[in-house]
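Q: Contents of upload-v1.txt (compact mmCIF, C-alpha atoms) are below:
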```txt
# COMPACT_ATOMS: atom_id res chain seq x y z
CA MET X 1 8.16 -19.36 -12.11
CA SER X 2 4.65 -20.20 -13.26
CA VAL X 3 1.63 -22.35 -12.49
CA ARG X 4 -0.33 -23.69 -15.45
CA LEU X 5 -4.03 -22.85 -15.54
CA LYS X 6 -6.53 -25.21 -17.13
CA LYS X 7 -8.82 -22.59 -18.67
CA SER X 8 -6.34 -19.80 -19.51
CA ASP X 9 -2.60 -19.20 -19.49
CA ASP X 10 -0.22 -18.74 -16.57
CA ILE X 11 0.02 -17.44 -13.08
CA ILE X 12 3.51 -15.96 -13.15
CA LEU X 13 5.55 -15.12 -10.07
CA ILE X 14 7.86 -12.28 -11.03
CA ASP X 15 10.98 -12.60 -8.88
CA SER X 16 14.12 -10.49 -8.90
CA ASN X 17 15.58 -12.52 -11.77
CA GLN X 18 12.62 -12.18 -14.09
CA SER X 19 11.53 -9.32 -16.27
CA LEU X 20 7.97 -8.08 -16.09
CA GLU X 21 8.61 -6.25 -19.35
CA HIS X 22 9.50 -9.55 -21.05
CA GLN X 23 6.26 -11.18 -19.89
CA PHE X 24 4.25 -8.15 -20.97
CA SER X 25 5.86 -8.12 -24.42
CA LYS X 26 4.94 -11.79 -24.90
CA LEU X 27 1.33 -11.04 -23.99
CA ILE X 28 1.08 -8.05 -26.32
CA HIS X 29 2.55 -10.13 -29.12
CA SER X 30 -0.14 -12.79 -28.63
CA LEU X 31 -3.14 -10.49 -28.10
CA HIS X 32 -2.36 -7.44 -30.26
CA PRO X 33 -4.71 -5.24 -28.17
CA SER X 34 -6.13 -2.13 -29.80
CA LYS X 35 -5.95 -0.25 -26.51
CA ILE X 36 -4.59 -0.84 -22.99
CA VAL X 37 -6.54 0.43 -19.98
CA ILE X 38 -5.46 0.19 -16.34
CA LEU X 39 -7.96 -0.10 -13.50
CA THR X 40 -6.66 0.66 -10.01
CA ASP X 41 -7.63 2.35 -6.74
CA GLU X 42 -6.41 5.59 -5.21
CA ASN X 43 -3.86 3.97 -2.87
CA VAL X 44 -2.38 1.68 -5.51
CA TYR X 45 -2.31 4.57 -7.99
CA GLU X 46 0.02 6.40 -5.61
CA HIS X 47 2.23 3.56 -4.41
CA CYS X 48 2.30 0.81 -7.07
CA LEU X 49 1.42 2.30 -10.44
CA PRO X 50 4.73 4.23 -10.62
CA VAL X 51 6.57 0.91 -10.19
CA LEU X 52 4.55 -0.65 -12.99
CA ASP X 53 5.12 2.39 -15.21
CA GLU X 54 8.86 2.13 -14.64
CA SER X 55 8.89 -1.60 -15.44
CA LEU X 56 6.56 -1.30 -18.44
CA PRO X 57 7.27 1.83 -20.49
CA GLN X 58 4.72 0.52 -23.02
CA ILE X 59 1.86 1.44 -20.68
CA SER X 60 2.98 4.98 -19.85
CA ASN X 61 0.34 6.49 -22.14
CA SER X 62 -2.45 4.09 -21.23
CA GLU X 63 -5.80 5.31 -19.93
CA VAL X 64 -6.06 4.88 -16.16
CA ILE X 65 -9.37 4.41 -14.34
CA VAL X 66 -9.08 5.10 -10.62
CA ILE X 67 -11.70 3.98 -8.09
CA ALA X 68 -11.97 4.57 -4.35
CA PRO X 69 -10.27 1.93 -2.17
CA GLY X 70 -12.37 -0.43 -0.09
CA GLU X 71 -15.26 -2.87 -0.32
CA GLU X 72 -17.76 -0.06 -1.03
CA SER X 73 -16.37 0.15 -4.56
CA LYS X 74 -17.62 -3.35 -5.41
CA SER X 75 -20.94 -1.93 -6.53
CA ILE X 76 -23.02 -1.66 -9.67
CA ASP X 77 -22.61 2.15 -9.57
CA VAL X 78 -18.82 1.88 -9.76
CA CYS X 79 -19.17 -0.71 -12.55
CA GLU X 80 -21.33 1.71 -14.51
CA ASN X 81 -18.63 4.38 -14.15
CA ILE X 82 -16.01 1.93 -15.44
CA TRP X 83 -18.16 0.96 -18.43
CA GLN X 84 -18.96 4.62 -19.13
CA THR X 85 -15.27 5.49 -19.19
CA LEU X 86 -14.53 2.57 -21.52
CA LEU X 87 -17.23 3.81 -23.88
CA GLU X 88 -15.95 7.39 -23.76
CA ILE X 89 -12.43 6.34 -24.73
CA ASN X 90 -13.79 4.11 -27.51
CA ALA X 91 -12.59 0.85 -25.96
CA ASP X 92 -13.50 -1.93 -28.39
CA ARG X 93 -13.60 -5.71 -27.97
CA ASN X 94 -9.84 -5.93 -28.53
CA THR X 95 -9.07 -3.73 -25.54
CA LEU X 96 -6.90 -5.14 -22.75
CA LEU X 97 -7.81 -4.21 -19.17
CA ILE X 98 -5.04 -4.47 -16.55
CA ASN X 99 -6.47 -4.79 -13.04
CA LEU X 100 -3.79 -3.44 -10.71
CA GLY X 101 -4.73 -3.75 -7.05
CA GLY X 102 -6.10 -5.95 -4.30
CA GLY X 103 -9.12 -8.21 -4.23
CA VAL X 104 -11.62 -5.41 -4.73
CA VAL X 105 -9.93 -4.27 -7.95
CA THR X 106 -9.49 -7.80 -9.34
CA ASP X 107 -13.09 -8.73 -8.45
CA ILE X 108 -14.76 -5.68 -9.96
CA GLY X 109 -12.26 -5.33 -12.81
CA GLY X 110 -12.73 -8.94 -13.84
CA PHE X 111 -16.51 -8.55 -13.73
CA ALA X 112 -16.52 -5.28 -15.67
CA ALA X 113 -14.26 -6.78 -18.35
CA SER X 114 -16.17 -10.06 -18.58
CA VAL X 115 -19.43 -8.37 -19.59
CA TYR X 116 -18.27 -5.21 -21.42
CA LYS X 117 -19.11 -5.77 -25.09
CA ARG X 118 -19.70 -9.41 -24.07
CA GLY X 119 -16.15 -9.75 -22.83
CA ILE X 120 -12.73 -8.18 -23.27
CA ALA X 121 -9.35 -9.57 -22.28
CA PHE X 122 -8.01 -8.72 -18.85
CA VAL X 123 -4.91 -9.30 -16.75
CA HIS X 124 -4.66 -9.29 -12.96
CA VAL X 125 -1.65 -7.69 -11.28
CA PRO X 126 -2.42 -8.23 -7.58
CA THR X 127 -0.77 -5.91 -5.08
CA THR X 128 -1.88 -7.47 -1.75
CA LEU X 129 -1.02 -10.83 -0.23
CA LEU X 130 -4.70 -11.79 -0.14
CA ALA X 131 -5.09 -11.10 -3.85
CA MET X 132 -1.82 -12.84 -4.73
CA THR X 133 -2.79 -16.05 -2.92
CA ASP X 134 -6.53 -16.12 -3.51
CA ALA X 135 -8.67 -13.31 -4.94
CA ALA X 136 -6.85 -12.94 -8.29
CA ILE X 137 -6.75 -16.69 -8.90
CA GLY X 138 -9.48 -18.99 -10.14
CA GLY X 139 -11.64 -16.88 -12.45
CA LYS X 140 -14.31 -15.66 -10.03
CA THR X 141 -15.42 -12.08 -10.63
CA GLY X 142 -18.09 -10.18 -8.77
CA ILE X 143 -19.66 -7.23 -7.04
CA ASN X 144 -21.80 -6.83 -3.94
CA PHE X 145 -25.50 -6.11 -4.25
CA SER X 146 -28.20 -5.24 -1.74
CA GLY X 147 -25.76 -5.68 1.14
CA ILE X 148 -24.75 -9.22 0.11
CA LYS X 149 -21.16 -9.98 -0.88
CA ASN X 150 -20.38 -11.20 -4.40
CA THR X 151 -24.01 -11.91 -5.24
CA ILE X 152 -23.56 -10.72 -8.85
CA GLY X 153 -20.65 -12.02 -10.88
CA THR X 154 -19.24 -14.30 -13.53
CA PHE X 155 -16.68 -17.07 -13.96
CA GLN X 156 -14.02 -15.78 -16.35
CA ASN X 157 -10.28 -16.37 -16.16
CA PRO X 158 -7.80 -13.58 -16.87
CA GLN X 159 -5.29 -13.96 -19.66
CA LYS X 160 -2.52 -13.77 -17.06
CA VAL X 161 -1.99 -13.23 -13.35
CA TRP X 162 1.30 -11.45 -12.77
CA ILE X 163 2.39 -11.74 -9.15
CA TYR X 164 5.06 -9.23 -8.21
CA PRO X 165 5.83 -9.68 -4.48
CA LEU X 166 7.84 -6.46 -4.33
CA PHE X 167 4.48 -4.64 -4.23
CA LEU X 168 4.04 -6.05 -0.71
CA LYS X 169 6.72 -3.62 0.49
CA THR X 170 4.14 -0.86 0.12
CA LEU X 171 2.00 -2.51 2.84
CA SER X 172 2.31 -2.48 6.62
CA TYR X 173 3.00 -5.70 8.52
CA ARG X 174 -0.59 -5.65 9.79
CA GLN X 175 -1.91 -5.43 6.22
CA ARG X 176 0.25 -8.39 5.19
CA LEU X 177 -0.92 -10.39 8.20
CA LEU X 178 -4.58 -9.80 7.35
CA GLY X 179 -3.92 -10.77 3.73
CA TYR X 180 -2.26 -13.94 5.02
CA ALA X 181 -5.66 -15.22 6.23
CA GLU X 182 -6.40 -16.99 2.94
CA THR X 183 -3.08 -18.86 3.15
CA VAL X 184 -4.03 -19.99 6.67
CA LYS X 185 -7.31 -21.23 5.18
CA HIS X 186 -5.43 -23.18 2.51
CA PHE X 187 -3.35 -24.86 5.23
CA PHE X 188 -6.49 -26.14 6.97
CA LEU X 189 -7.83 -27.43 3.65
CA GLY X 190 -4.70 -29.47 2.97
CA ALA X 191 -2.31 -27.29 0.97
CA ASN X 192 1.37 -28.26 0.99
CA LEU X 193 2.22 -25.78 3.75
CA GLU X 194 4.29 -26.61 6.84
CA GLU X 195 2.39 -26.10 10.10
CA ASN X 196 5.34 -24.69 12.04
CA LYS X 197 5.92 -22.09 9.31
CA ILE X 198 2.23 -21.23 8.93
CA PHE X 199 1.79 -20.17 12.54
CA GLN X 200 5.17 -18.41 12.72
CA PRO X 201 5.06 -16.48 9.46
CA GLN X 202 8.00 -14.39 8.31
CA LEU X 203 6.00 -11.78 6.44
CA ASP X 204 9.04 -9.52 6.03
CA ASN X 205 11.06 -12.31 4.41
CA GLU X 206 10.99 -12.37 0.60
CA THR X 207 11.87 -16.08 0.38
CA PHE X 208 9.06 -17.02 2.76
CA LEU X 209 6.56 -14.85 0.91
CA ASN X 210 7.49 -16.30 -2.48
CA GLU X 211 7.11 -19.83 -1.10
CA ILE X 212 3.68 -19.36 0.44
CA ILE X 213 2.38 -17.39 -2.55
CA ILE X 214 3.27 -20.08 -5.06
CA LYS X 215 2.10 -22.95 -2.81
CA SER X 216 -1.23 -21.23 -2.20
CA ALA X 217 -1.62 -20.51 -5.91
CA LYS X 218 -0.89 -24.12 -6.79
CA PHE X 219 -3.34 -25.42 -4.22
CA LYS X 220 -6.16 -23.18 -5.34
CA GLN X 221 -5.59 -24.00 -8.99
CA GLN X 222 -5.61 -27.73 -8.32
CA VAL X 223 -9.06 -27.32 -6.80
CA VAL X 224 -10.33 -24.95 -9.49
CA GLU X 225 -9.13 -27.15 -12.36
CA ASN X 226 -11.44 -29.90 -11.14
CA ASP X 227 -14.47 -27.68 -10.56
CA PHE X 228 -14.21 -24.34 -12.34
CA ARG X 229 -17.86 -23.32 -11.85
CA GLU X 230 -18.07 -24.37 -8.19
CA SER X 231 -20.58 -27.19 -8.56
CA GLY X 232 -18.79 -29.47 -6.10
CA LEU X 233 -15.16 -29.65 -4.96
CA ARG X 234 -14.46 -25.92 -5.29
CA LYS X 235 -16.96 -25.21 -2.52
CA ILE X 236 -14.34 -26.29 0.02
CA LEU X 237 -12.55 -22.98 -0.66
CA ASN X 238 -15.39 -21.32 1.23
CA PHE X 239 -14.04 -22.67 4.53
CA GLY X 240 -14.27 -19.82 7.04
CA HIS X 241 -16.35 -17.75 4.64
CA THR X 242 -19.93 -18.78 5.44
CA ILE X 243 -19.70 -17.03 8.80
CA GLY X 244 -16.78 -14.82 7.78
CA HIS X 245 -18.54 -13.02 4.92
CA ALA X 246 -21.57 -12.31 7.09
CA VAL X 247 -19.44 -10.92 9.93
CA GLU X 248 -17.45 -8.82 7.45
CA THR X 249 -20.62 -7.20 6.14
CA VAL X 250 -22.29 -6.65 9.52
CA LEU X 251 -19.22 -5.35 11.39
CA GLN X 252 -17.65 -3.59 8.37
CA ILE X 253 -14.25 -5.12 9.07
CA SER X 254 -11.49 -6.28 6.74
CA HIS X 255 -11.84 -9.50 4.78
CA GLY X 256 -8.77 -10.97 6.49
CA GLU X 257 -10.15 -10.37 9.98
CA ALA X 258 -13.51 -11.81 8.95
CA VAL X 259 -11.96 -14.96 7.46
CA ILE X 260 -10.02 -15.72 10.65
CA ILE X 261 -13.16 -15.16 12.74
CA GLY X 262 -15.01 -17.46 10.34
CA ILE X 263 -12.29 -20.13 10.56
CA ILE X 264 -12.40 -20.14 14.36
CA ALA X 265 -16.20 -20.33 14.41
CA GLU X 266 -16.32 -23.05 11.77
CA LEU X 267 -13.63 -25.09 13.54
CA TYR X 268 -15.95 -25.02 16.55
CA LEU X 269 -18.81 -26.26 14.37
CA SER X 270 -16.53 -28.98 12.99
CA GLN X 271 -16.31 -30.74 16.36
CA LYS X 272 -19.52 -32.69 15.77
CA HIS X 273 -18.04 -33.94 12.49
CA GLY X 274 -14.91 -35.39 14.08
CA PHE X 275 -12.54 -32.42 14.43
CA SER X 276 -10.60 -32.96 17.66
CA ASP X 277 -7.95 -30.24 17.64
CA LEU X 278 -10.14 -27.21 18.40
CA GLU X 279 -8.23 -25.95 21.41
CA LYS X 280 -4.85 -26.41 19.72
CA TYR X 281 -5.69 -24.46 16.59
CA THR X 282 -7.89 -21.75 18.06
CA GLY X 283 -5.03 -21.04 20.45
CA LYS X 284 -2.59 -20.69 17.56
CA LEU X 285 -5.00 -18.47 15.61
CA VAL X 286 -5.80 -16.17 18.52
CA GLN X 287 -2.09 -15.82 19.27
CA LEU X 288 -1.30 -14.96 15.65
CA TYR X 289 -4.31 -12.63 15.25
CA SER X 290 -4.46 -10.97 18.65
CA GLU X 291 -6.49 -7.89 17.65
CA LEU X 292 -9.66 -9.42 16.25
CA PRO X 293 -12.85 -7.51 17.09
CA GLU X 294 -15.55 -9.03 19.25
CA ILE X 295 -18.97 -9.68 17.71
CA PRO X 296 -21.59 -7.81 19.79
CA GLU X 297 -24.31 -10.21 20.90
CA GLN X 298 -26.99 -7.83 19.63
CA LYS X 299 -25.46 -8.26 16.15
CA PHE X 300 -25.83 -12.06 16.12
CA SER X 301 -29.22 -11.89 14.43
CA ASP X 302 -27.84 -9.58 11.72
CA VAL X 303 -25.02 -12.03 11.06
CA ILE X 304 -27.47 -14.93 10.80
CA GLY X 305 -29.64 -12.94 8.40
CA LYS X 306 -26.68 -12.41 6.08
CA ILE X 307 -25.75 -16.10 6.29
CA TYR X 308 -29.24 -17.09 5.14
CA ASN X 309 -28.62 -15.03 1.97
CA ASP X 310 -25.35 -16.82 1.22
CA LYS X 311 -25.25 -17.94 -2.44
CA LYS X 312 -23.93 -21.38 -1.46
CA ASN X 313 -27.13 -22.31 0.38
CA THR X 314 -29.58 -24.74 -1.21
CA HIS X 315 -33.22 -25.53 -0.39
CA LYS X 316 -33.15 -22.90 2.38
CA GLN X 317 -30.47 -24.84 4.23
CA ILE X 318 -27.25 -23.17 5.38
CA THR X 319 -24.21 -24.95 3.96
CA PHE X 320 -20.74 -24.57 5.44
CA VAL X 321 -17.37 -26.30 5.15
CA ALA X 322 -16.52 -28.43 8.17
CA LEU X 323 -13.22 -30.19 8.84
CA GLU X 324 -13.09 -33.81 9.93
CA SER X 325 -9.39 -33.09 10.44
CA VAL X 326 -6.80 -30.79 8.88
CA GLY X 327 -6.82 -31.52 5.15
CA HIS X 328 -10.20 -33.30 5.19
CA PRO X 329 -13.01 -30.79 4.49
CA VAL X 330 -16.65 -31.83 4.09
CA LEU X 331 -19.82 -29.90 3.25
CA LYS X 332 -22.41 -29.89 6.03
CA HIS X 333 -25.59 -28.08 7.05
CA ILE X 334 -26.02 -25.96 10.19
CA ASP X 335 -28.93 -24.28 11.91
CA THR X 336 -29.38 -20.95 13.68
CA GLU X 337 -28.74 -22.32 17.16
CA GLU X 338 -25.39 -23.77 16.10
CA ILE X 339 -24.33 -20.46 14.54
CA ILE X 340 -25.16 -18.57 17.75
CA LYS X 341 -23.04 -21.02 19.75
CA ALA X 342 -20.16 -20.65 17.27
CA LEU X 343 -20.26 -16.83 17.46
CA ALA X 344 -20.32 -16.97 21.25
CA PHE X 345 -17.40 -19.43 21.21
CA PHE X 346 -15.34 -17.01 19.14
CA ASN X 347 -16.04 -14.16 21.58
CA ASN X 348 -15.07 -16.34 24.54
CA CYS X 349 -11.83 -17.66 23.08
CA LYS X 350 -10.34 -14.20 22.38
```
Translate this structure into structure tokens?
A:
Amino acid sequence: MSVRLKKSDDIILIDSNQSLEHQFSKLIHSLHPSKIVILTDENVYEHCLPVLDESLPQISNSEVIVIAPGEESKSIDVCENIWQTLLEINADRNTLLINLGGGVVTDIGGFAASVYKRGIAFVHVPTTLLAMTDAAIGGKTGINFSGIKNTIGTFQNPQKVWIYPLFLKTLSYRQRLLGYAETVKHFFLGANLEENKIFQPQLDNETFLNEIIIKSAKFKQQVVENDFRESGLRKILNFGHTIGHAVETVLQISHGEAVIIGIIAELYLSQKHGFSDLEKYTGKLVQLYSELPEIPEQKFSDVIGKIYNDKKNTHKQITFVALESVGHPVLKHIDTEEIIKALAFFNNCK
């Protein structure tokens, strides 16, 4: 099963009836790479790389670069280490980099590949639900800088995105649920996802996972195809992220938790733009995500400071994605007072 990309090849869902080795052989035949390098993190190295090695005997002798897990690795220092290793192993412009991991690995791996020797080919093999449905798709690469998320990066599509849902078996239910946050976001933006299924997810069910992965991938690609460099329509994919990214940085919580907090806060802000189902959907979200952290009031100013550094802002105005209704996002501006009220609303609705 595959979803066509406008600016590269395929997103391919590898199910039990498909051969990852067959897809890999097709790619090697088309690219003829001089060298194959795998980038991964310590957790994925232990739990997922052996599965990939077993499926792809061709990569058993490939160089492996291992980084620490977590958002802290999305830094210029870690990028320098990746580039240094590529130089030391004589990686040339025909090298293929396989980014095996979650959103951190695909973000930093895509960035490192897109600028090394002015660009080498890379493939994403996402291992988390968040990466399978969002982070690995759409050609955004990036690292954090000076405490601001994704402030340095490029737009560069991978040659392929191979989605292998069996990797999700290496994750706990809680990890899957947090990764599911981007799919919840896609529902609010109008993806072809059934509401009753979205708020009663079967994250241990392979059929359910395959369905929501491919529907989320299709939705994101439909948006990206019309606005690859995020000059207009693609900005709607930042729903929940204006506040979410800032909270993630200030509280040092997971991206999934931060996105759900951001969605709740930005649904509150959407009321003045016509959104009338606040109580209904915040109730569903709080029930589904019952362990979200509170935002200490003394941290509100730190959150606002991060929001003012958001790369989507223009002319010193804070831009966020509001919903007029489910499936009808619009870009709007907000001020500090509104953000404070939204953060307080989130704390009170928990």
Q: Interatomic distance between CA of Lys311 (chain X) and CA of Glu338 (chain X)?
A: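 Pair CA of Lys311 (chain X) / CA of Glu338 (chain X) returns 19.4 Å.
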Q: From the set X:Ile14, X:Ala135, X:Val125, X:Ile143, which residue has the shortest atom-to-atom contact distance to Cys79 (chain X), counting all atoms listed in the file?
A: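 The shortest atom-to-atom distance to Cys79 (chain X) comes from X:Ile143.
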Q: So which residues touch Thr319 (chain X) within 8 Å, counting only C-alpha atoms, skipping near sequence neighbours fewer than 4 positions away, as a ChimeraX atom specification?
A: /X:242,312-314,331-334
Q: Is it possible to get the residues within 12 Å of (-9.6, -31.4, 6.2) (coordinates as in the file, counting all atoms listed in the file) written as a list in words?
A: Lys185, His186, Phe187, Phe188, Leu189, Gly190, Ala191, Ile236, Leu237, Phe239, Leu267, Ser270, His273, Gly274, Phe275, Ser276, Asp277, Val321, Ala322, Leu323, Glu324, Ser325, Val326, Gly327, His328, Pro329, Val330 and Leu331 of chain X
Q: For the interface of region 244-283 of chain X with region 339-348 of chain X (cut-off 8 Å, counting all atoms listed in the file), please tabulate each contacting residue of region 244-283 of chain X alongside its nearest pair of atoms and their separation in Å to one decimal, rows sorted by chain and increasing number, as JSON lines.
A:
```
{"residue": "X:Ile261", "atom": "CA", "partner": "X:Phe346", "partner_atom": "CA", "distance": 7.0}
{"residue": "X:Ile264", "atom": "CA", "partner": "X:Phe346", "partner_atom": "CA", "distance": 6.4}
{"residue": "X:Ala265", "atom": "CA", "partner": "X:Ala342", "partner_atom": "CA", "distance": 4.9}
{"residue": "X:Glu266", "atom": "CA", "partner": "X:Ala342", "partner_atom": "CA", "distance": 7.1}
{"residue": "X:Tyr268", "atom": "CA", "partner": "X:Ala342", "partner_atom": "CA", "distance": 6.1}
{"residue": "X:Leu269", "atom": "CA", "partner": "X:Ala342", "partner_atom": "CA", "distance": 6.5}
```
Q: Quote the spacing between CA of Lys140 (chain X) and CA of Phe111 (chain X) in Å to one decimal place.
A: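 Separation between CA of Lys140 (chain X) and CA of Phe111 (chain X): 8.3 Å.
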Q: Between CA of Ile260 (chain X) and CA of Leu177 (chain X), what is the spacing in Å?
A: 10.8 Å
Q: Do you know which residues are at most 12 Å from Pro293 (chain X) counting all atoms listed in the file, after dropping those on the same chain fewer than 2 positions away, and could you put them as a list in words?
A: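 Neighbouring residues, sequence-local ones excluded: Val247, Glu248, Leu251, Gln252, Ile253, Ser254, Gly256, Glu257, Ala258, Ile260, Ile261, Val286, Tyr289, Ser290, Glu291, Ile295, Pro296, Leu343, Phe346, Asn347, Asn348, Cys349 and Lys350 of chain X.
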Q: Around (-6.4, 1.0, -14.1) in the file's own coordinates, what residues are found within 9 Å if you use all atoms listed in the file, given back as a PyMOL selection string?
A: chain X and resi 37-41+45+49+62-67+97-101+105+109
Q: Write out the residues from the selection above, keeping C-alpha atoms, as an mmCIF file, in the coordinates of the input.
A:
```
data_model
loop_
_atom_site.group_PDB
_atom_site.id
_atom_site.type_symbol
_atom_site.label_atom_id
_atom_site.label_comp_id
_atom_site.auth_asym_id
_atom_site.auth_seq_id
_atom_site.Cartn_x
_atom_site.Cartn_y
_atom_site.Cartn_z
ATOM 1 C CA VAL X 37 -6.540 0.430 -19.980
ATOM 2 C CA ILE X 38 -5.460 0.190 -16.340
ATOM 3 C CA LEU X 39 -7.960 -0.100 -13.500
ATOM 4 C CA THR X 40 -6.660 0.660 -10.010
ATOM 5 C CA ASP X 41 -7.630 2.350 -6.740
ATOM 6 C CA TYR X 45 -2.310 4.570 -7.990
ATOM 7 C CA LEU X 49 1.420 2.300 -10.440
ATOM 8 C CA SER X 62 -2.450 4.090 -21.230
ATOM 9 C CA GLU X 63 -5.800 5.310 -19.930
ATOM 10 C CA VAL X 64 -6.060 4.880 -16.160
ATOM 11 C CA ILE X 65 -9.370 4.410 -14.340
ATOM 12 C CA VAL X 66 -9.080 5.100 -10.620
ATOM 13 C CA ILE X 67 -11.700 3.980 -8.090
ATOM 14 C CA LEU X 97 -7.810 -4.210 -19.170
ATOM 15 C CA ILE X 98 -5.040 -4.470 -16.550
ATOM 16 C CA ASN X 99 -6.470 -4.790 -13.040
ATOM 17 C CA LEU X 100 -3.790 -3.440 -10.710
ATOM 18 C CA GLY X 101 -4.730 -3.750 -7.050
ATOM 19 C CA VAL X 105 -9.930 -4.270 -7.950
ATOM 20 C CA GLY X 109 -12.260 -5.330 -12.810
#
```
Q: Show me, as a list in words, the residues that have an atom within 9 Å of Asn144 (chain X) when counting all atoms listed in the file, minus same-chain residues fewer than 2 positions from it.
A: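 Here the answer would be Glu71, Glu72, Ser73, Lys74, Ser75, Ile76, Gly142, Ser146, Gly147, Ile148, Lys149, Asn150, Thr151, Ile152 and Gly153 of chain X.
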Q: Considering all atoms listed in the file, can you say which of X:Glu21, X:Asp335, X:Asp15, X:Asp92 comes closest to Ile214 (chain X)?
A: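 Closest candidate: X:Asp15.
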Q: Have a look at X:Ile263, X:Leu87, X:Ala217, X:Ala131 and name the one nearest to Lys117 (chain X); count all atoms listed in the file.
A: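 Using all atoms listed in the file, Lys117 (chain X) sits closest to X:Leu87.
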Q: Please supply region 335-340 of chain X, rebuilt with all heavy atoms, as a PDB file, keeping the file's coordinate frame.
A:
```
ATOM      1  N   ASP X 335     -27.715 -25.041  11.625  1.00  0.00           N
ATOM      2  CA  ASP X 335     -28.930 -24.280  11.910  1.00  0.00           C
ATOM      3  C   ASP X 335     -28.584 -23.030  12.735  1.00  0.00           C
ATOM      4  O   ASP X 335     -27.427 -22.823  13.127  1.00  0.00           O
ATOM      5  CB  ASP X 335     -29.977 -25.133  12.616  1.00  0.00           C
ATOM      6  CG  ASP X 335     -29.479 -25.714  13.945  1.00  0.00           C
ATOM      7  OD1 ASP X 335     -28.631 -25.079  14.598  1.00  0.00           O
ATOM      8  OD2 ASP X 335     -29.945 -26.808  14.319  1.00  0.00           O
ATOM      9  N   THR X 336     -29.574 -22.232  12.996  1.00  0.00           N
ATOM     10  CA  THR X 336     -29.380 -20.950  13.680  1.00  0.00           C
ATOM     11  C   THR X 336     -28.763 -21.135  15.059  1.00  0.00           C
ATOM     12  O   THR X 336     -27.856 -20.379  15.454  1.00  0.00           O
ATOM     13  CB  THR X 336     -30.739 -20.224  13.802  1.00  0.00           C
ATOM     14  OG1 THR X 336     -31.233 -19.958  12.495  1.00  0.00           O
ATOM     15  CG2 THR X 336     -30.583 -18.916  14.551  1.00  0.00           C
ATOM     16  N   GLU X 337     -29.238 -22.102  15.797  1.00  0.00           N
ATOM     17  CA  GLU X 337     -28.740 -22.320  17.160  1.00  0.00           C
ATOM     18  C   GLU X 337     -27.250 -22.631  17.159  1.00  0.00           C
ATOM     19  O   GLU X 337     -26.498 -22.140  18.011  1.00  0.00           O
ATOM     20  CB  GLU X 337     -29.511 -23.457  17.826  1.00  0.00           C
ATOM     21  CG  GLU X 337     -29.119 -23.689  19.274  1.00  0.00           C
ATOM     22  CD  GLU X 337     -29.943 -24.784  19.924  1.00  0.00           C
ATOM     23  OE1 GLU X 337     -30.982 -25.161  19.363  1.00  0.00           O
ATOM     24  OE2 GLU X 337     -29.528 -25.267  20.995  1.00  0.00           O
ATOM     25  N   GLU X 338     -26.806 -23.429  16.188  1.00  0.00           N
ATOM     26  CA  GLU X 338     -25.390 -23.770  16.100  1.00  0.00           C
ATOM     27  C   GLU X 338     -24.547 -22.537  15.769  1.00  0.00           C
ATOM     28  O   GLU X 338     -23.440 -22.365  16.291  1.00  0.00           O
ATOM     29  CB  GLU X 338     -25.179 -24.852  15.049  1.00  0.00           C
ATOM     30  CG  GLU X 338     -25.725 -26.215  15.435  1.00  0.00           C
ATOM     31  CD  GLU X 338     -25.597 -27.220  14.310  1.00  0.00           C
ATOM     32  OE1 GLU X 338     -26.243 -27.019  13.254  1.00  0.00           O
ATOM     33  OE2 GLU X 338     -24.852 -28.201  14.476  1.00  0.00           O
ATOM     34  N   ILE X 339     -25.070 -21.678  14.900  1.00  0.00           N
ATOM     35  CA  ILE X 339     -24.330 -20.460  14.540  1.00  0.00           C
ATOM     36  C   ILE X 339     -24.171 -19.564  15.761  1.00  0.00           C
ATOM     37  O   ILE X 339     -23.094 -19.005  16.003  1.00  0.00           O
ATOM     38  CB  ILE X 339     -25.064 -19.708  13.410  1.00  0.00           C
ATOM     39  CG1 ILE X 339     -25.063 -20.547  12.129  1.00  0.00           C
ATOM     40  CG2 ILE X 339     -24.382 -18.362  13.142  1.00  0.00           C
ATOM     41  CD1 ILE X 339     -25.965 -20.005  11.046  1.00  0.00           C
ATOM     42  N   ILE X 340     -25.230 -19.402  16.543  1.00  0.00           N
ATOM     43  CA  ILE X 340     -25.160 -18.570  17.750  1.00  0.00           C
ATOM     44  C   ILE X 340     -24.088 -19.106  18.696  1.00  0.00           C
ATOM     45  O   ILE X 340     -23.279 -18.342  19.251  1.00  0.00           O
ATOM     46  CB  ILE X 340     -26.534 -18.525  18.443  1.00  0.00           C
ATOM     47  CG1 ILE X 340     -27.519 -17.726  17.584  1.00  0.00           C
ATOM     48  CG2 ILE X 340     -26.416 -17.911  19.846  1.00  0.00           C
ATOM     49  CD1 ILE X 340     -28.945 -17.768  18.088  1.00  0.00           C
TER      50      ILE X 340
END
```
